[in-house]
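Asker: One structure coming up, written as structure tokens, with questions to follow.
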Amino acid sequence: MIIKKRLATGALGLLAALACGLISPPAALADEPAADSPKVELVLDVSGSMRARDVDGDSRMAAAKQAFNEVLDATPEEVRLGIRTLGANYPGKDREAGCRDSERLYPVGQVDRTEAKAAVATLRPTGWTPIGLALRGASKDLSGGEGTRRIVLITDGEDSCGLPDPCDVARELAAQGTHLVVDTLGLTLDRKVREQLSCIAEATGGTYTAIQHRDQLSSRIKQLVRRSADTPVEAPTPVQGAAQCAKAPYLGSGLYSDRESFGEHRWYRMRVAPGQELRASVSVAADRAVDPDYGVLLRAVTPGGQELVRGSEAGSGRTDVISSGLRYPVADADDDEDTTARTVCLELSQSFSAPASVKRTPGLPVELAVDVVDNDDQPADVAAFGLGRGWVLLAVLTVGGLLVGLLWGWLARWRVTVWRSN
């Protein structure tokens, strides 16, 4: 009897332990960020120039602090937010030490508003402006997960360290294919600052905004944080095109990213079966200074080199991105024809060029979207009936020419008859 009671007591204890074990882990995991949660890191310039009092009569630092407090109150629950500073700690004149001054002020995660505001309140304008270093640090802070990743850089000056160059760092981040976007906000209208911040934003598909008022700073940061939560992420698959069709990678339907040097040709391959249509589009981003005349060409070619169809676009002047596309339908196979999918080669080329001072590496960002769909049962345009293939056009011209000839002959005989009668 005693043994039975002991067994019963032990069983109850085991069940209680299991229950606690089953209940407590979710509570522990509740504070951990979900794998697909959008992540945002605010990178704030705390260099000495932030003491300037030109934002609605107050200092740039005070305006930034107030904006951060308002943003923290308005951050959506699903957003994992962090804060990184640059130039916040070292007040001296040693360039090497000043250019290492970037730290994570608040870790990326679910926001504890009280803790985050307390951390921001301690900031005082201090040192240098190592923007390139801060961007690399912010990228590491945001690593992991499958959600959108966004850096919001707020600064009143250009990088004061030189190396690493912020534009080069932005291109490196874009080349990693992690779909990281950098938005920049400038607290000054200085031309050099505008050019550098625009370069950083354009390299990653972000935006640049010049800020002059306190409420403008707060509303813009809020908008960017909300945008990270509202934007669905579809990260392109990195791929490397080949120098010739025979060695090109086969692509399935999807979105791909690549890098292409100035004037380079890249090849990819798709399989298209009878009764299907290949649809492809390409965008090439000018993430650095380029010469005013440029173009992009996308061709569908047989493995033997015969061109099937092409799409092209050209432009002149400043641009952020240039795009082109094509469609290539394959007719349904007859009963006695081979229904095996055929290989179609896609050739991408662009005619961008740049001054000698512009760096050539990494290449220009390329985004390629390809899909294979079933042909429509009903032709969508007149060309599908055969005008584009030639035989219907030939028949129309033949019949039209015959009717015109008969009419012209009848009129000629009528005119001769009238002339003889008169």
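For the structure tokens, the naming scheme is as follows: chains receive sequential letters (A, B, ...) according to their order of presentation, residues are indexed from 1 within each chain, and ligands are indexed from 1 in presentation order.
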I need the residues in stretch 74-163 of chain A that are strand (DSSP E) according to DSSP; give them as a list in words.

Answerer: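 Result set for stretch 74-163 of chain A (strand (DSSP E)): Arg80, Leu81, Gly82, Ile83, Arg84, Thr85, Leu86, Ser102, Glu103, Arg104, Leu105, Tyr106, Pro107, Val108, Gly109, Arg149, Arg150, Ile151, Val152, Leu153, Ile154 and Thr155 of chain A.
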
Asker: Out of stretch 105-165 of chain A, which residues get helix (DSSP H, G or I) from DSSP, as a PDB file with N, CA and C atoms, in the first residue's frame?

Answerer:
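What ended up in states.pdb:
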ATOM      1  N   ARG A 113      10.870  50.503 -23.820  1.00  0.00           N
ATOM      2  CA  ARG A 113      10.910  51.935 -24.067  1.00  0.00           C
ATOM      3  C   ARG A 113      11.632  52.704 -22.962  1.00  0.00           C
ATOM      4  N   THR A 114      11.418  52.315 -21.731  1.00  0.00           N
ATOM      5  CA  THR A 114      12.074  53.016 -20.618  1.00  0.00           C
ATOM      6  C   THR A 114      13.585  52.865 -20.688  1.00  0.00           C
ATOM      7  N   GLU A 115      14.043  51.650 -20.928  1.00  0.00           N
ATOM      8  CA  GLU A 115      15.480  51.396 -20.997  1.00  0.00           C
ATOM      9  C   GLU A 115      16.111  52.098 -22.185  1.00  0.00           C
ATOM     10  N   ALA A 116      15.439  52.031 -23.338  1.00  0.00           N
ATOM     11  CA  ALA A 116      15.986  52.658 -24.543  1.00  0.00           C
ATOM     12  C   ALA A 116      16.048  54.170 -24.400  1.00  0.00           C
ATOM     13  N   LYS A 117      15.017  54.787 -23.821  1.00  0.00           N
ATOM     14  CA  LYS A 117      15.021  56.240 -23.630  1.00  0.00           C
ATOM     15  C   LYS A 117      16.109  56.668 -22.641  1.00  0.00           C
ATOM     16  N   ALA A 118      16.321  55.852 -21.625  1.00  0.00           N
ATOM     17  CA  ALA A 118      17.375  56.169 -20.660  1.00  0.00           C
ATOM     18  C   ALA A 118      18.742  56.135 -21.319  1.00  0.00           C
ATOM     19  N   ALA A 119      18.957  55.191 -22.228  1.00  0.00           N
ATOM     20  CA  ALA A 119      20.234  55.111 -22.938  1.00  0.00           C
ATOM     21  C   ALA A 119      20.431  56.322 -23.835  1.00  0.00           C
ATOM     22  N   VAL A 120      19.386  56.762 -24.525  1.00  0.00           N
ATOM     23  CA  VAL A 120      19.480  57.923 -25.417  1.00  0.00           C
ATOM     24  C   VAL A 120      19.752  59.193 -24.617  1.00  0.00           C
ATOM     25  N   ALA A 121      19.167  59.294 -23.424  1.00  0.00           N
ATOM     26  CA  ALA A 121      19.307  60.507 -22.614  1.00  0.00           C
ATOM     27  C   ALA A 121      20.751  60.769 -22.187  1.00  0.00           C
ATOM     28  N   ILE A 131      31.384  56.993 -40.300  1.00  0.00           N
ATOM     29  CA  ILE A 131      30.138  56.458 -40.845  1.00  0.00           C
ATOM     30  C   ILE A 131      30.336  55.056 -41.424  1.00  0.00           C
ATOM     31  N   GLY A 132      31.417  54.858 -42.184  1.00  0.00           N
ATOM     32  CA  GLY A 132      31.656  53.540 -42.785  1.00  0.00           C
ATOM     33  C   GLY A 132      31.750  52.448 -41.735  1.00  0.00           C
ATOM     34  N   LEU A 133      32.489  52.709 -40.658  1.00  0.00           N
ATOM     35  CA  LEU A 133      32.625  51.745 -39.570  1.00  0.00           C
ATOM     36  C   LEU A 133      31.280  51.454 -38.930  1.00  0.00           C
ATOM     37  N   ALA A 134      30.468  52.494 -38.715  1.00  0.00           N
ATOM     38  CA  ALA A 134      29.161  52.321 -38.084  1.00  0.00           C
ATOM     39  C   ALA A 134      28.225  51.485 -38.959  1.00  0.00           C
ATOM     40  N   LEU A 135      28.281  51.667 -40.269  1.00  0.00           N
ATOM     41  CA  LEU A 135      27.425  50.883 -41.158  1.00  0.00           C
ATOM     42  C   LEU A 135      27.776  49.403 -41.084  1.00  0.00           C
ATOM     43  N   ARG A 136      29.063  49.080 -41.051  1.00  0.00           N
ATOM     44  CA  ARG A 136      29.466  47.675 -40.929  1.00  0.00           C
ATOM     45  C   ARG A 136      28.995  47.093 -39.590  1.00  0.00           C
ATOM     46  N   GLY A 137      29.120  47.877 -38.538  1.00  0.00           N
ATOM     47  CA  GLY A 137      28.657  47.408 -37.242  1.00  0.00           C
ATOM     48  C   GLY A 137      27.164  47.198 -37.210  1.00  0.00           C
ATOM     49  N   ALA A 138      26.404  48.102 -37.836  1.00  0.00           N
ATOM     50  CA  ALA A 138      24.948  47.971 -37.866  1.00  0.00           C
ATOM     51  C   ALA A 138      24.525  46.741 -38.651  1.00  0.00           C
ATOM     52  N   SER A 139      25.226  46.434 -39.727  1.00  0.00           N
ATOM     53  CA  SER A 139      24.909  45.235 -40.502  1.00  0.00           C
ATOM     54  C   SER A 139      25.064  43.979 -39.657  1.00  0.00           C
ATOM     55  N   LYS A 140      26.112  43.927 -38.827  1.00  0.00           N
ATOM     56  CA  LYS A 140      26.302  42.777 -37.938  1.00  0.00           C
ATOM     57  C   LYS A 140      25.213  42.731 -36.868  1.00  0.00           C
ATOM     58  N   ASP A 141      24.811  43.906 -36.380  1.00  0.00           N
ATOM     59  CA  ASP A 141      23.752  43.947 -35.366  1.00  0.00           C
ATOM     60  C   ASP A 141      22.441  43.373 -35.907  1.00  0.00           C
TER      61      ASP A 141
END

Asker: If we count only C-alpha atoms and set the cut-off at 6 Å, which residues sit around stretch 196-200 of chain A, ignoring sequence neighbours fewer than 4 positions away in its own chain? Please answer as a ChimeraX atom specification.

Answerer: /A:167,170,184,208

Asker: Would you put the residues from that selection into a file with C-alpha atoms, as a PDB file, in the first residue's frame?

Answerer:
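The resulting file, again_25.pdb, is reproduced below:
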ATOM      1  CA  CYS A 167      29.825  54.393 -50.265  1.00  0.00           C
ATOM      2  CA  ALA A 170      27.141  50.400 -48.760  1.00  0.00           C
ATOM      3  CA  THR A 184      19.935  58.378 -44.755  1.00  0.00           C
ATOM      4  CA  TYR A 208      17.972  60.240 -48.724  1.00  0.00           C
TER       5      TYR A 208
END

Asker: Of the candidates A:Leu81, A:Val344, A:Ala412, A:Leu189, which one gets nearest to A:Arg149 if we count only C-alpha atoms?

Answerer: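 Result for the nearest residue to A:Arg149: A:Leu81.
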
Asker: What's around A:Trp267 at 10 Å? Count only C-alpha atoms, leave out sequence neighbours fewer than 5 positions away in its own chain, and write the answer as a list in words.

Answerer: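 Result of the neighbour search: Gln240, Gly241, Ala242, Ala243, Gln244, Cys245, Ala246, Lys247, Ala248, Pro249, Tyr250, Leu298, Arg299, Ala300, Cys345, Leu346, Glu347, Leu348 and Ser349 of chain A.
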
Asker: Record the distance separating atom CA of A:Arg327 and atom CA of A:Arg259, expressed in Å with one decimal.

Answerer: 23.2 Å

Asker: Work out how far apart atom CA of A:Ala333 and atom CA of A:Pro274 are and give it in Å to one decimal.

Answerer: 5.7 Å

Asker: Counting only C-alpha atoms, which residue out of A:Ala356, A:Leu153, A:Met61, A:Ala369 sits closest to A:Ser324?

Answerer: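 The closest residue to A:Ser324 is A:Ala369.
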
Asker: To one decimal in Å, tell me the separation between atom CA of A:Gln306 and atom CA of A:Asn375.

Answerer: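 Here the two named atoms are 22.2 Å from each other.
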